[in-house]
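S.K.: What follows is protein_7.cif, made up of mmCIF, C-alpha atoms:
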data_run
loop_
_atom_site.label_atom_id
_atom_site.label_comp_id
_atom_site.auth_asym_id
_atom_site.auth_seq_id
_atom_site.Cartn_x
_atom_site.Cartn_y
_atom_site.Cartn_z
CA MET A 1 0.00 0.00 0.00
CA LYS A 2 1.40 3.37 -1.03
CA ARG A 3 1.21 6.25 1.44
CA ALA A 4 0.59 9.89 0.52
CA LEU A 5 0.76 13.14 2.48
CA ILE A 6 -1.36 16.05 1.21
CA THR A 7 -1.07 19.63 2.42
CA GLY A 8 -4.10 21.83 1.77
CA ILE A 9 -6.28 18.75 1.93
CA THR A 10 -9.41 20.70 2.93
CA GLY A 11 -9.37 22.71 -0.32
CA GLN A 12 -11.16 21.58 -3.48
CA ASP A 13 -8.01 20.02 -4.96
CA GLY A 14 -7.08 18.30 -1.73
CA LEU A 15 -10.49 16.69 -1.40
CA TYR A 16 -10.59 15.47 -5.01
CA LEU A 17 -7.00 14.22 -4.84
CA ALA A 18 -7.60 12.37 -1.57
CA GLU A 19 -10.67 10.70 -3.09
CA LEU A 20 -8.65 9.65 -6.12
CA LEU A 21 -5.78 8.23 -4.07
CA LEU A 22 -8.13 6.31 -1.76
CA THR A 23 -9.75 4.65 -4.79
CA LYS A 24 -6.26 3.59 -5.85
CA GLY A 25 -5.62 1.92 -2.51
CA TYR A 26 -3.40 4.57 -0.94
CA GLU A 27 -3.14 5.31 2.74
CA VAL A 28 -3.77 9.07 2.80
CA SER A 29 -2.70 11.56 5.44
CA GLY A 30 -3.77 15.19 5.31
CA LEU A 31 -2.01 18.14 6.94
CA VAL A 32 -4.40 20.55 8.63
CA ARG A 33 -3.38 23.82 10.26
CA GLY A 34 -4.88 24.16 13.72
CA GLN A 35 -7.40 22.05 15.54
CA ASN A 36 -10.25 24.49 14.84
CA ASN A 37 -9.99 24.45 11.06
CA PRO A 38 -13.55 25.24 9.88
CA LYS A 39 -13.29 22.80 6.96
CA LEU A 40 -12.19 19.86 9.11
CA PRO A 41 -15.75 18.57 9.72
CA LEU A 42 -16.34 18.42 5.95
CA LEU A 43 -13.11 16.47 5.47
CA ARG A 44 -14.08 13.97 8.16
CA GLU A 45 -17.58 13.63 6.71
CA LEU A 46 -16.50 13.13 3.09
CA LEU A 47 -13.29 11.17 3.71
CA PRO A 48 -13.35 9.44 7.08
CA ASP A 49 -10.46 7.18 6.02
CA VAL A 50 -8.01 10.08 5.76
CA LYS A 51 -5.54 10.33 8.63
CA VAL A 52 -5.54 13.94 9.85
CA LEU A 53 -2.24 15.41 11.01
CA THR A 54 -1.76 18.91 12.40
CA GLY A 55 1.02 21.13 11.15
CA ASP A 56 1.89 24.52 9.71
CA LEU A 57 3.74 25.27 6.48
CA LEU A 58 5.68 27.95 8.37
CA ASP A 59 6.83 25.57 11.12
CA LEU A 60 9.46 23.12 9.89
CA SER A 61 9.42 21.08 13.11
CA SER A 62 5.67 20.45 12.74
CA LEU A 63 6.23 19.34 9.15
CA MET A 64 8.91 16.89 10.27
CA ARG A 65 6.45 15.42 12.79
CA ALA A 66 3.87 15.10 10.02
CA PHE A 67 6.37 13.18 7.87
CA THR A 68 7.05 10.86 10.78
CA GLY A 69 3.34 10.26 11.23
CA ALA A 70 2.56 9.78 7.54
CA GLN A 71 5.73 8.00 6.32
CA PRO A 72 4.78 9.06 2.78
CA ASP A 73 5.92 7.67 -0.53
CA GLU A 74 4.38 10.70 -2.25
CA VAL A 75 3.92 14.27 -1.03
CA TYR A 76 1.45 16.66 -2.66
CA ASN A 77 2.01 20.26 -1.57
CA LEU A 78 -1.31 21.96 -2.30
CA GLY A 79 -1.34 24.19 0.77
CA ALA A 80 -1.24 27.94 0.07
CA ILE A 81 -3.05 31.21 0.48
CA SER A 82 -4.66 30.89 -2.92
CA PHE A 83 -7.12 33.79 -3.26
CA VAL A 84 -5.35 36.26 -5.57
CA ALA A 85 -7.28 39.36 -4.47
CA TYR A 86 -6.37 38.69 -0.83
CA SER A 87 -2.67 38.68 -1.68
CA TRP A 88 -2.51 42.46 -2.28
CA ASP A 89 -3.95 43.16 1.18
CA ASN A 90 -1.75 40.53 2.83
CA ALA A 91 1.34 40.37 0.65
CA HIS A 92 3.73 39.41 3.44
CA LEU A 93 1.64 36.54 4.77
CA THR A 94 0.92 35.31 1.24
CA SER A 95 4.64 35.36 0.46
CA ASP A 96 5.44 33.43 3.62
CA VAL A 97 2.81 30.70 3.23
CA THR A 98 2.63 30.37 -0.56
CA GLY A 99 6.35 30.90 -1.12
CA MET A 100 8.39 29.99 1.95
CA GLY A 101 5.94 27.20 2.76
CA VAL A 102 7.16 25.40 -0.37
CA LEU A 103 10.76 25.70 0.77
CA ASN A 104 9.83 24.28 4.17
CA MET A 105 8.05 21.33 2.59
CA LEU A 106 10.97 20.63 0.26
CA GLU A 107 13.42 20.80 3.14
CA ALA A 108 11.22 18.57 5.31
CA THR A 109 11.10 16.06 2.45
CA ARG A 110 14.88 16.18 2.02
CA LEU A 111 15.56 15.74 5.73
CA HIS A 112 13.03 12.93 6.03
CA CYS A 113 14.61 11.05 3.13
CA GLY A 114 18.12 11.24 4.57
CA GLU A 115 20.57 9.48 2.29
CA ASP A 116 17.88 7.96 0.08
CA LEU A 117 16.39 10.97 -1.69
CA SER A 118 14.51 8.72 -4.11
CA LYS A 119 12.16 7.27 -1.51
CA VAL A 120 9.71 10.22 -1.54
CA ARG A 121 8.26 11.85 -4.65
CA PHE A 122 7.20 15.49 -4.34
CA TYR A 123 4.50 17.45 -6.18
CA GLN A 124 4.31 21.25 -6.08
CA ALA A 125 1.11 23.06 -7.04
CA SER A 126 2.35 25.82 -9.31
CA SER A 127 -0.08 28.19 -10.99
CA SER A 128 -0.90 29.85 -14.31
CA GLU A 129 -0.91 33.13 -12.35
CA MET A 130 2.89 32.91 -12.63
CA PHE A 131 2.55 33.91 -16.32
CA GLY A 132 0.74 37.13 -15.38
CA LYS A 133 1.58 39.65 -18.10
CA VAL A 134 1.73 36.90 -20.67
CA GLN A 135 4.67 36.91 -23.06
CA GLN A 136 3.38 34.11 -25.28
CA VAL A 137 -0.05 32.75 -26.28
CA PRO A 138 -0.73 29.99 -25.49
CA GLN A 139 1.54 29.54 -22.48
CA THR A 140 3.86 26.53 -22.25
CA GLU A 141 6.41 25.23 -19.78
CA GLU A 142 9.01 27.46 -21.49
CA THR A 143 7.04 30.73 -21.40
CA LEU A 144 8.70 33.57 -19.48
CA LEU A 145 7.11 34.06 -16.05
CA TRP A 146 5.88 37.61 -15.37
CA PRO A 147 3.61 37.50 -12.28
CA ARG A 148 1.16 40.35 -11.67
CA SER A 149 0.16 39.76 -8.04
CA PRO A 150 1.90 38.95 -4.74
CA TYR A 151 0.30 35.50 -5.03
CA GLY A 152 1.83 34.98 -8.47
CA VAL A 153 5.24 36.16 -7.26
CA ALA A 154 5.10 33.72 -4.32
CA LYS A 155 4.14 30.88 -6.66
CA VAL A 156 7.12 31.69 -8.90
CA PHE A 157 9.43 31.42 -5.86
CA GLY A 158 7.97 28.02 -4.94
CA HIS A 159 8.16 26.84 -8.55
CA TYR A 160 11.82 27.70 -8.98
CA MET A 161 12.69 26.37 -5.53
CA THR A 162 11.18 23.03 -6.53
CA ILE A 163 13.32 23.00 -9.67
CA ASN A 164 16.35 23.94 -7.58
CA TYR A 165 15.85 21.05 -5.15
CA ARG A 166 15.39 18.68 -8.08
CA GLU A 167 18.61 19.86 -9.70
CA SER A 168 20.62 20.29 -6.49
CA TYR A 169 19.72 17.09 -4.68
CA GLY A 170 18.31 14.83 -7.38
CA MET A 171 14.91 14.78 -5.71
CA HIS A 172 11.92 13.48 -7.66
CA ALA A 173 10.19 16.88 -7.46
CA SER A 174 7.66 17.91 -10.10
CA SER A 175 5.51 21.01 -10.54
CA GLY A 176 2.10 21.15 -12.14
CA ILE A 177 1.47 24.56 -13.69
CA LEU A 178 -2.28 24.31 -13.36
CA PHE A 179 -4.55 26.75 -15.12
CA ASN A 180 -7.83 27.77 -13.48
CA HIS A 181 -9.75 24.73 -12.34
CA GLU A 182 -13.11 24.87 -10.65
CA SER A 183 -15.78 22.64 -9.11
CA PRO A 184 -18.80 22.76 -6.81
CA ARG A 185 -16.24 22.62 -3.98
CA ARG A 186 -14.64 25.91 -5.01
CA GLY A 187 -14.82 28.64 -2.35
CA PRO A 188 -17.50 31.32 -2.94
CA GLU A 189 -14.84 34.07 -2.97
CA PHE A 190 -13.63 32.84 -6.39
CA VAL A 191 -15.41 34.38 -9.37
CA THR A 192 -16.69 31.12 -10.88
CA ARG A 193 -18.37 29.97 -7.68
CA LYS A 194 -19.48 33.52 -6.89
CA VAL A 195 -21.28 33.57 -10.23
CA THR A 196 -22.86 30.11 -10.00
CA GLN A 197 -23.98 30.69 -6.41
CA ALA A 198 -25.50 34.06 -7.30
CA VAL A 199 -27.20 32.64 -10.40
CA ALA A 200 -28.72 29.89 -8.27
CA ARG A 201 -30.01 32.41 -5.71
CA ILE A 202 -31.34 34.75 -8.41
CA SER A 203 -33.18 31.87 -10.10
CA LEU A 204 -34.81 31.01 -6.77
CA GLY A 205 -35.76 34.61 -6.00
CA LEU A 206 -33.32 34.89 -3.10
CA GLN A 207 -31.32 37.84 -4.49
CA ASP A 208 -31.59 40.33 -7.35
CA GLN A 209 -28.06 41.13 -8.51
CA VAL A 210 -24.40 40.16 -8.26
CA ALA A 211 -21.43 42.55 -8.19
CA LEU A 212 -18.38 41.59 -10.26
CA GLY A 213 -15.16 43.17 -11.51
CA ASN A 214 -13.67 42.93 -15.00
CA LEU A 215 -16.14 41.03 -17.18
CA ASP A 216 -13.72 40.87 -20.10
CA ALA A 217 -10.95 38.97 -18.29
CA LYS A 218 -10.35 35.60 -19.96
CA ARG A 219 -9.27 32.34 -18.37
CA ASP A 220 -8.62 28.72 -19.30
CA TRP A 221 -11.09 26.91 -17.02
CA GLY A 222 -11.14 23.18 -16.34
CA PHE A 223 -12.61 20.77 -13.78
CA ALA A 224 -10.61 20.21 -10.59
CA GLY A 225 -11.48 16.52 -10.57
CA ASP A 226 -9.70 16.13 -13.93
CA TYR A 227 -6.68 18.14 -12.85
CA VAL A 228 -5.84 16.11 -9.74
CA LYS A 229 -5.43 13.07 -12.01
CA ALA A 230 -2.59 14.93 -13.69
CA MET A 231 -0.95 15.53 -10.30
CA TRP A 232 -0.95 11.81 -9.58
CA LEU A 233 0.31 10.95 -13.07
CA MET A 234 3.31 13.26 -12.64
CA LEU A 235 4.52 11.32 -9.62
CA GLN A 236 4.20 7.99 -11.47
CA GLN A 237 6.83 9.01 -14.03
CA ASP A 238 10.38 7.73 -13.82
CA THR A 239 11.76 11.25 -14.17
CA ALA A 240 10.47 14.38 -12.45
CA ASP A 241 9.50 17.34 -14.64
CA ASP A 242 7.18 20.33 -14.90
CA TYR A 243 3.90 20.28 -16.83
CA VAL A 244 1.27 22.78 -17.93
CA ILE A 245 -2.20 21.41 -17.18
CA SER A 246 -4.97 23.19 -19.07
CA THR A 247 -7.84 22.76 -21.53
CA GLY A 248 -6.35 24.97 -24.24
CA GLU A 249 -9.60 26.98 -24.45
CA THR A 250 -10.19 30.48 -23.15
CA HIS A 251 -13.48 31.99 -22.01
CA SER A 252 -14.42 35.40 -20.62
CA ILE A 253 -16.40 36.19 -17.50
CA ARG A 254 -19.19 37.28 -19.87
CA GLU A 255 -19.25 33.78 -21.39
CA LEU A 256 -19.34 32.31 -17.89
CA LEU A 257 -22.37 34.47 -17.13
CA ASP A 258 -24.03 33.50 -20.43
CA VAL A 259 -23.76 29.77 -19.72
CA ALA A 260 -24.71 30.02 -16.06
CA PHE A 261 -27.79 32.24 -16.52
CA ARG A 262 -28.97 30.36 -19.60
CA HIS A 263 -28.88 27.12 -17.60
CA VAL A 264 -31.55 28.50 -15.25
CA GLY A 265 -33.63 29.95 -18.11
CA ILE A 266 -32.44 33.57 -17.99
CA GLU A 267 -31.26 34.83 -21.38
CA ASP A 268 -30.74 38.55 -20.64
CA TRP A 269 -28.65 39.03 -17.50
CA ASP A 270 -27.55 42.67 -17.99
CA SER A 271 -29.82 43.97 -15.24
CA ARG A 272 -28.70 41.18 -12.89
CA VAL A 273 -24.98 42.03 -12.96
CA TYR A 274 -23.17 45.25 -12.14
CA GLN A 275 -19.49 46.05 -12.14
CA ASP A 276 -17.99 47.24 -8.86
CA PRO A 277 -14.57 48.96 -9.00
CA ALA A 278 -13.73 47.29 -5.69
CA PHE A 279 -13.39 43.98 -7.53
CA PHE A 280 -10.91 45.19 -10.16
CA ARG A 281 -7.32 44.02 -9.62
CA PRO A 282 -4.53 46.61 -9.21
CA ALA A 283 -2.69 44.77 -12.01
CA GLU A 284 -4.95 42.64 -14.19
CA VAL A 285 -4.09 39.37 -15.89
CA ASP A 286 -6.13 39.67 -19.06
CA LEU A 287 -5.60 36.42 -20.97
CA LEU A 288 -4.49 33.03 -19.74
CA VAL A 289 -4.64 29.97 -21.99
CA GLY A 290 -2.37 26.97 -21.68
CA ASP A 291 -0.81 24.49 -24.07
CA ALA A 292 -0.88 21.08 -22.33
CA ALA A 293 0.69 19.19 -25.25
CA LYS A 294 3.57 17.98 -23.09
CA ALA A 295 1.22 16.53 -20.46
CA ARG A 296 -0.98 14.93 -23.11
CA LYS A 297 2.01 13.22 -24.71
CA ALA A 298 4.12 12.31 -21.66
CA LEU A 299 1.36 11.61 -19.11
CA GLY A 300 -1.47 10.52 -21.39
CA TRP A 301 -3.65 13.09 -19.64
CA GLU A 302 -6.80 14.58 -21.16
CA PRO A 303 -9.48 16.80 -19.57
CA GLU A 304 -12.88 15.11 -19.57
CA VAL A 305 -15.27 17.90 -18.48
CA ASP A 306 -15.70 20.81 -20.91
CA PHE A 307 -16.42 24.45 -20.02
CA VAL A 308 -20.19 24.29 -20.46
CA GLY A 309 -20.43 21.02 -18.55
CA LEU A 310 -18.35 22.48 -15.71
CA VAL A 311 -20.48 25.61 -15.34
CA GLN A 312 -23.72 23.65 -15.50
CA MET A 313 -22.42 21.20 -12.90
CA MET A 314 -21.62 24.08 -10.54
CA VAL A 315 -24.96 25.81 -11.11
CA ASP A 316 -26.90 22.58 -10.46
CA SER A 317 -24.94 22.00 -7.26
CA ASP A 318 -25.59 25.55 -6.04
CA VAL A 319 -29.29 25.42 -6.88
CA ALA A 320 -29.59 22.20 -4.84
CA GLU A 321 -27.60 23.71 -1.97
CA GLN A 322 -29.65 26.92 -1.86
CA ARG A 323 -32.87 24.93 -1.88
CA ARG A 324 -31.64 22.92 1.10
CA LEU A 325 -30.52 26.01 2.99
CA ASN A 326 -33.81 27.80 2.37
CA ALA A 327 -36.20 24.89 2.74
#
For the file at hand, write its structure as C-alpha cells.
M.R.:
Amino acid sequence: MKRALITGITGQDGLYLAELLLTKGYEVSGLVRGQNNPKLPLLRELLPDVKVLTGDLLDLSSLMRAFTGAQPDEVYNLGAISFVAYSWDNAHLTSDVTGMGVLNMLEATRLHCGEDLSKVRFYQASSSEMFGKVQQVPQTEETLLWPRSPYGVAKVFGHYMTINYRESYGMHASSGILFNHESPRRGPEFVTRKVTQAVARISLGLQDQVALGNLDAKRDWGFAGDYVKAMWLMLQQDTADDYVISTGETHSIRELLDVAFRHVGIEDWDSRVYQDPAFFRPAEVDLLVGDAAKARKALGWEPEVDFVGLVQMMVDSDVAEQRRLNA
C-alpha cells in the first residue's frame, strides 16, 4: 500500500485528490493547520479514512512530525493562500505561506529522506498566475514568467525552488502549472463559484443582482477533478518534470455568465450584474490559456469535463444547496 501526504487537503483540490488516491488503494494523510480548522468537519464527513495530522507550512518542526506520522511515498504540496485578491492586502503573509511554505516542505522532504532521496516523490502546485503579463499565447512550460500579483510572485518562488531542489539534490520533485480549475467545492470568494452561487439564488428569488469586476478577463477553465489526475500521473513518471495542465480553451467572464444564466432559463442578464470597481485588480491578468501538449504526450492526460459542462455542474450544485438552505 502506497502512502501519501497532502497539504491543503481541505481545499477543493485536496479533497478530489484524496478521493482519487483512496480509490487507488493509498493510505492518505492530510495536513491541517490548527485544531479548529472550519473545513475539518467536511473532510471527516467526506473522507473518514483520511488520517488527519496537524502542522503549519511555516513551522518546519511540525512538518517533520507530520512526515514521521505519515511516512509518505508521495507528497502533494497543495497548501497555500490561494485567493489572488487577498494577496494584495496581505502580501507578506501570502509570500510566507505560498512561497516559503514550499521551501519548508521541500526541506522537510529532504531531511526525512536522509541518504535515500529517491524514496519520496514530491508534487508542487504551481499556478498559471505565474505567467501574469503573458509573453506568449498559449503559455507553455518554457514561457517567461511575469507574475502580476503577490500571489503569483510567491508561486514563482515556490516553482523555482522546486526546480532547484530537483537539480541540487536529485529529488523526484515535479511542478504542475495548473490553469484555473473549478468545481462545486470551489470557495465562494472565487469568481466562478461567486457567479454560479449568485445565479442559483437569483433563479430562486433569493437575491436580485451580483457585483463583479472585470467582465472581459479571460481564463482557461477546467474541472478540478480532472486536474488532480494529472498531479498523480506526474509522480508515477520515472523522471520528475514540470507540466502545464490546461484545456487549451479560453473563455471570458461574460461567457461564464451567459452559460450560467442560460442554464436557469435567464437569457438577458444585464440587469442582474453590475461592475464594482472594488473587484478590479490593481494589475490585471487579461488572458491566460495553456498548451498542455507535453502533459498529453508524456502523461497521457486529457481533460474530460468541458467548459459548459463544468459551469452547468456548478450551477446545479448551487441550486440544490440553496434549496436545502432555504427549505
S.K.: Which residues fall under the PyMOL selection byres ((chain A and resi 118) around 10) in this file, as number ranges by chain?
M.R.: A: 73, 110, 113-117, 119-122, 169-173
S.K.: With all atoms listed in the file as the atoms that count, which of A:Gln312, A:Thr98, A:Thr192, A:Asn164 lies nearest to Ile81 in chain A?
M.R.: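 Closest residue, counting all atoms listed in the file: A:Thr98.
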S.K.: Quick check on the file I pasted: which residues fall under the PyMOL selection byres ((chain A and resi 289-302) around 8)? Write them as number ranges by chain.
M.R.: A: 137-140, 179, 219-220, 226, 229-230, 233-234, 237, 243-250, 287-288, 303-304
S.K.: If you count all atoms listed in the file, which residues fall within 9 Å of range 277-280 of chain A, apart from same-chain ones fewer than 5 positions away, as a list in words?
M.R.: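 These residues fall inside the cut-off: Ala85, Ala211, Leu212, Gly213 and Asn214 of chain A.
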S.K.: Could you tell me how far CA of Gly8 in chain A sits from CA of Asp241 in chain A, in Å to one decimal place?
M.R.: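 According to the coordinates, CA of Asp241 in chain A and CA of Gly8 in chain A are separated by 21.8 Å.
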S.K.: Work out how far CA of Val199 in chain A is from CA of Met314 in chain A, in Å to one decimal.
M.R.: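 About the pair CA of Met314 in chain A and CA of Val199 in chain A: they are 10.2 Å apart.
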S.K.: Could you give me, as a VMD selection string, the residues within 9 Å of range 148-157 of chain A, counting only C-alpha atoms and dropping anything in the same chain fewer than 6 positions from it?
M.R.: chain A and resid 81 to 88 90 to 92 94 to 100 102 to 103 125 to 133 281 to 285
S.K.: Using only C-alpha atoms - which residues lie no farther than 6 Å from the point (6.3, 23.5, -13.0) in the file's frame? Write them as a ChimeraX atom specification.
M.R.: /A:126,159,175-177,242-243
S.K.: Between CA of Glu182 in chain A and CA of Glu255 in chain A, what distance in Å does the model show, to one decimal?
M.R.: 15.2 Å
S.K.: Return the single residue from A:Leu15, A:Met231, A:Leu47, A:Ala224 that is closest to Val75 in chain A, with distances computed using only C-alpha atoms.
M.R.: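 Comparing A:Leu15, A:Met231, A:Leu47, A:Ala224 against Val75 in chain A, the winner is A:Met231.
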S.K.: Which polymer residues have any atom within 12 Å of an atom of Lys39 in chain A, counting all atoms listed in the file, with same-chain residues fewer than 2 positions away left out, as a PyMOL selection string?
M.R.: chain A and resi 8-12+14-15+32-37+41-46+185+187
S.K.: If the PyMOL selection byres ((chain A and resi 183) around 12) is run on the structure shown, which residues does it catch, given as an NGL selection string?
M.R.: :A and (11-13 or 15-16 or 180-182 or 184-188 or 190-194 or 196-197 or 221-228 or 305-307 or 309-318)
S.K.: Go ahead and write the selection's residues with C-alpha atoms as a compact mmCIF listing (two decimals), in the coordinates of the input.
M.R.:
# COMPACT_ATOMS: atom_id res chain seq x y z
CA GLY A 11 -9.37 22.71 -0.32
CA GLN A 12 -11.16 21.58 -3.48
CA ASP A 13 -8.01 20.02 -4.96
CA LEU A 15 -10.49 16.69 -1.40
CA TYR A 16 -10.59 15.47 -5.01
CA ASN A 180 -7.83 27.77 -13.48
CA HIS A 181 -9.75 24.73 -12.34
CA GLU A 182 -13.11 24.87 -10.65
CA PRO A 184 -18.80 22.76 -6.81
CA ARG A 185 -16.24 22.62 -3.98
CA ARG A 186 -14.64 25.91 -5.01
CA GLY A 187 -14.82 28.64 -2.35
CA PRO A 188 -17.50 31.32 -2.94
CA PHE A 190 -13.63 32.84 -6.39
CA VAL A 191 -15.41 34.38 -9.37
CA THR A 192 -16.69 31.12 -10.88
CA ARG A 193 -18.37 29.97 -7.68
CA LYS A 194 -19.48 33.52 -6.89
CA THR A 196 -22.86 30.11 -10.00
CA GLN A 197 -23.98 30.69 -6.41
CA TRP A 221 -11.09 26.91 -17.02
CA GLY A 222 -11.14 23.18 -16.34
CA PHE A 223 -12.61 20.77 -13.78
CA ALA A 224 -10.61 20.21 -10.59
CA GLY A 225 -11.48 16.52 -10.57
CA ASP A 226 -9.70 16.13 -13.93
CA TYR A 227 -6.68 18.14 -12.85
CA VAL A 228 -5.84 16.11 -9.74
CA VAL A 305 -15.27 17.90 -18.48
CA ASP A 306 -15.70 20.81 -20.91
CA PHE A 307 -16.42 24.45 -20.02
CA GLY A 309 -20.43 21.02 -18.55
CA LEU A 310 -18.35 22.48 -15.71
CA VAL A 311 -20.48 25.61 -15.34
CA GLN A 312 -23.72 23.65 -15.50
CA MET A 313 -22.42 21.20 -12.90
CA MET A 314 -21.62 24.08 -10.54
CA VAL A 315 -24.96 25.81 -11.11
CA ASP A 316 -26.90 22.58 -10.46
CA SER A 317 -24.94 22.00 -7.26
CA ASP A 318 -25.59 25.55 -6.04
S.K.: For Gly79 in chain A, which residue out of A:Gly205, A:Gly158, A:Pro147, A:Pro48 is the nearest one, using only C-alpha atoms?
M.R.: A:Gly158
S.K.: Between A:Leu144, A:Val52, A:Leu40, A:Leu22, single out the one closest to Ala66 in chain A, counting all atoms listed in the file.
M.R.: A:Val52
S.K.: Find the residue from A:Asp89, A:Asp258, A:Glu107, A:Asp238 that sits nearest to Phe67 in chain A; use all atoms listed in the file when measuring.
M.R.: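 Looking only at the distances to Phe67 in chain A, the closest residue turns out to be A:Glu107.
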S.K.: Measuring between all atoms listed in the file, which one of A:Gly30, A:Gly265, A:Gly25, A:Gly55 shows the shortest distance to Leu78 in chain A?
M.R.: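 Result for the nearest residue to Leu78 in chain A: A:Gly30.
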S.K.: Considering all atoms listed in the file, return as a PyMOL selection string whatever protein or nucleic-acid residues lie within 8 Å of Leu5 in chain A, sequence-local ones (same chain, fewer than 2 positions apart) excluded.
M.R.: chain A and resi 3+7+28-31+67+70+72+74-76
S.K.: Find the smallest box with edges along x, y and z containing every listed atom of range 37-45 of chain A, then add 5 Å on each side and report centre and edge lengths in Å to one decimal, as lines of an AutoDock Vina configuration file.
M.R.:
center_x = -13.8
center_y = 19.4
center_z = 8.3
size_x = 17.6
size_y = 21.6
size_z = 15.6
S.K.: Take the point (0.6, -0.8, -3.5) in the file's coordinates, draw a sphere of radius 8 Å around it, and report as number ranges by chain every protein, DNA or RNA residue with an atom inside or on it, counting only C-alpha atoms.
M.R.: A: 1-2, 25-26
S.K.: Can you put N, CA, C and O atoms back into range 287-303 of chain A and show it as a PDB file, in the frame of the given file?
M.R.:
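The file below, result_33.pdb, is the result:
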ATOM      1  N   LEU A 287      -5.381  37.606 -20.140  1.00  0.00           N
ATOM      2  CA  LEU A 287      -5.600  36.420 -20.970  1.00  0.00           C
ATOM      3  C   LEU A 287      -4.669  35.300 -20.563  1.00  0.00           C
ATOM      4  O   LEU A 287      -3.443  35.414 -20.691  1.00  0.00           O
ATOM      5  N   LEU A 288      -5.250  34.226 -20.065  1.00  0.00           N
ATOM      6  CA  LEU A 288      -4.490  33.030 -19.740  1.00  0.00           C
ATOM      7  C   LEU A 288      -5.067  31.862 -20.529  1.00  0.00           C
ATOM      8  O   LEU A 288      -6.265  31.592 -20.464  1.00  0.00           O
ATOM      9  N   VAL A 289      -4.222  31.180 -21.285  1.00  0.00           N
ATOM     10  CA  VAL A 289      -4.640  29.970 -21.990  1.00  0.00           C
ATOM     11  C   VAL A 289      -3.409  29.088 -22.150  1.00  0.00           C
ATOM     12  O   VAL A 289      -2.361  29.529 -22.603  1.00  0.00           O
ATOM     13  N   GLY A 290      -3.530  27.850 -21.732  1.00  0.00           N
ATOM     14  CA  GLY A 290      -2.370  26.970 -21.680  1.00  0.00           C
ATOM     15  C   GLY A 290      -2.291  25.973 -22.821  1.00  0.00           C
ATOM     16  O   GLY A 290      -3.303  25.605 -23.418  1.00  0.00           O
ATOM     17  N   ASP A 291      -1.070  25.539 -23.096  1.00  0.00           N
ATOM     18  CA  ASP A 291      -0.810  24.490 -24.070  1.00  0.00           C
ATOM     19  C   ASP A 291      -0.324  23.260 -23.293  1.00  0.00           C
ATOM     20  O   ASP A 291       0.814  23.214 -22.828  1.00  0.00           O
ATOM     21  N   ALA A 292      -1.193  22.270 -23.136  1.00  0.00           N
ATOM     22  CA  ALA A 292      -0.880  21.080 -22.330  1.00  0.00           C
ATOM     23  C   ALA A 292      -0.373  19.932 -23.185  1.00  0.00           C
ATOM     24  O   ALA A 292      -0.498  18.759 -22.801  1.00  0.00           O
ATOM     25  N   ALA A 293       0.226  20.247 -24.339  1.00  0.00           N
ATOM     26  CA  ALA A 293       0.690  19.190 -25.250  1.00  0.00           C
ATOM     27  C   ALA A 293       1.682  18.252 -24.585  1.00  0.00           C
ATOM     28  O   ALA A 293       1.652  17.039 -24.808  1.00  0.00           O
ATOM     29  N   LYS A 294       2.560  18.808 -23.765  1.00  0.00           N
ATOM     30  CA  LYS A 294       3.570  17.980 -23.090  1.00  0.00           C
ATOM     31  C   LYS A 294       2.901  16.979 -22.151  1.00  0.00           C
ATOM     32  O   LYS A 294       3.267  15.795 -22.120  1.00  0.00           O
ATOM     33  N   ALA A 295       1.924  17.422 -21.388  1.00  0.00           N
ATOM     34  CA  ALA A 295       1.220  16.530 -20.460  1.00  0.00           C
ATOM     35  C   ALA A 295       0.400  15.486 -21.218  1.00  0.00           C
ATOM     36  O   ALA A 295       0.320  14.322 -20.805  1.00  0.00           O
ATOM     37  N   ARG A 296      -0.196  15.883 -22.316  1.00  0.00           N
ATOM     38  CA  ARG A 296      -0.980  14.930 -23.110  1.00  0.00           C
ATOM     39  C   ARG A 296      -0.083  13.814 -23.649  1.00  0.00           C
ATOM     40  O   ARG A 296      -0.450  12.647 -23.633  1.00  0.00           O
ATOM     41  N   LYS A 297       1.107  14.202 -24.112  1.00  0.00           N
ATOM     42  CA  LYS A 297       2.010  13.220 -24.710  1.00  0.00           C
ATOM     43  C   LYS A 297       2.720  12.380 -23.660  1.00  0.00           C
ATOM     44  O   LYS A 297       2.752  11.145 -23.752  1.00  0.00           O
ATOM     45  N   ALA A 298       3.288  13.023 -22.640  1.00  0.00           N
ATOM     46  CA  ALA A 298       4.120  12.310 -21.660  1.00  0.00           C
ATOM     47  C   ALA A 298       3.294  11.587 -20.599  1.00  0.00           C
ATOM     48  O   ALA A 298       3.667  10.502 -20.145  1.00  0.00           O
ATOM     49  N   LEU A 299       2.171  12.186 -20.198  1.00  0.00           N
ATOM     50  CA  LEU A 299       1.360  11.610 -19.110  1.00  0.00           C
ATOM     51  C   LEU A 299       0.141  10.860 -19.628  1.00  0.00           C
ATOM     52  O   LEU A 299      -0.477  10.107 -18.872  1.00  0.00           O
ATOM     53  N   GLY A 300      -0.233  11.107 -20.873  1.00  0.00           N
ATOM     54  CA  GLY A 300      -1.470  10.520 -21.390  1.00  0.00           C
ATOM     55  C   GLY A 300      -2.693  11.153 -20.775  1.00  0.00           C
ATOM     56  O   GLY A 300      -3.759  10.546 -20.703  1.00  0.00           O
ATOM     57  N   TRP A 301      -2.558  12.400 -20.336  1.00  0.00           N
ATOM     58  CA  TRP A 301      -3.650  13.090 -19.640  1.00  0.00           C
ATOM     59  C   TRP A 301      -4.528  13.860 -20.617  1.00  0.00           C
ATOM     60  O   TRP A 301      -4.037  14.490 -21.549  1.00  0.00           O
ATOM     61  N   GLU A 302      -5.834  13.813 -20.381  1.00  0.00           N
ATOM     62  CA  GLU A 302      -6.800  14.580 -21.160  1.00  0.00           C
ATOM     63  C   GLU A 302      -7.892  15.088 -20.220  1.00  0.00           C
ATOM     64  O   GLU A 302      -8.381  14.334 -19.368  1.00  0.00           O
ATOM     65  N   PRO A 303      -8.326  16.343 -20.357  1.00  0.00           N
ATOM     66  CA  PRO A 303      -9.480  16.800 -19.570  1.00  0.00           C
ATOM     67  C   PRO A 303     -10.754  16.134 -20.084  1.00  0.00           C
ATOM     68  O   PRO A 303     -10.904  15.928 -21.290  1.00  0.00           O
TER      69      PRO A 303
END
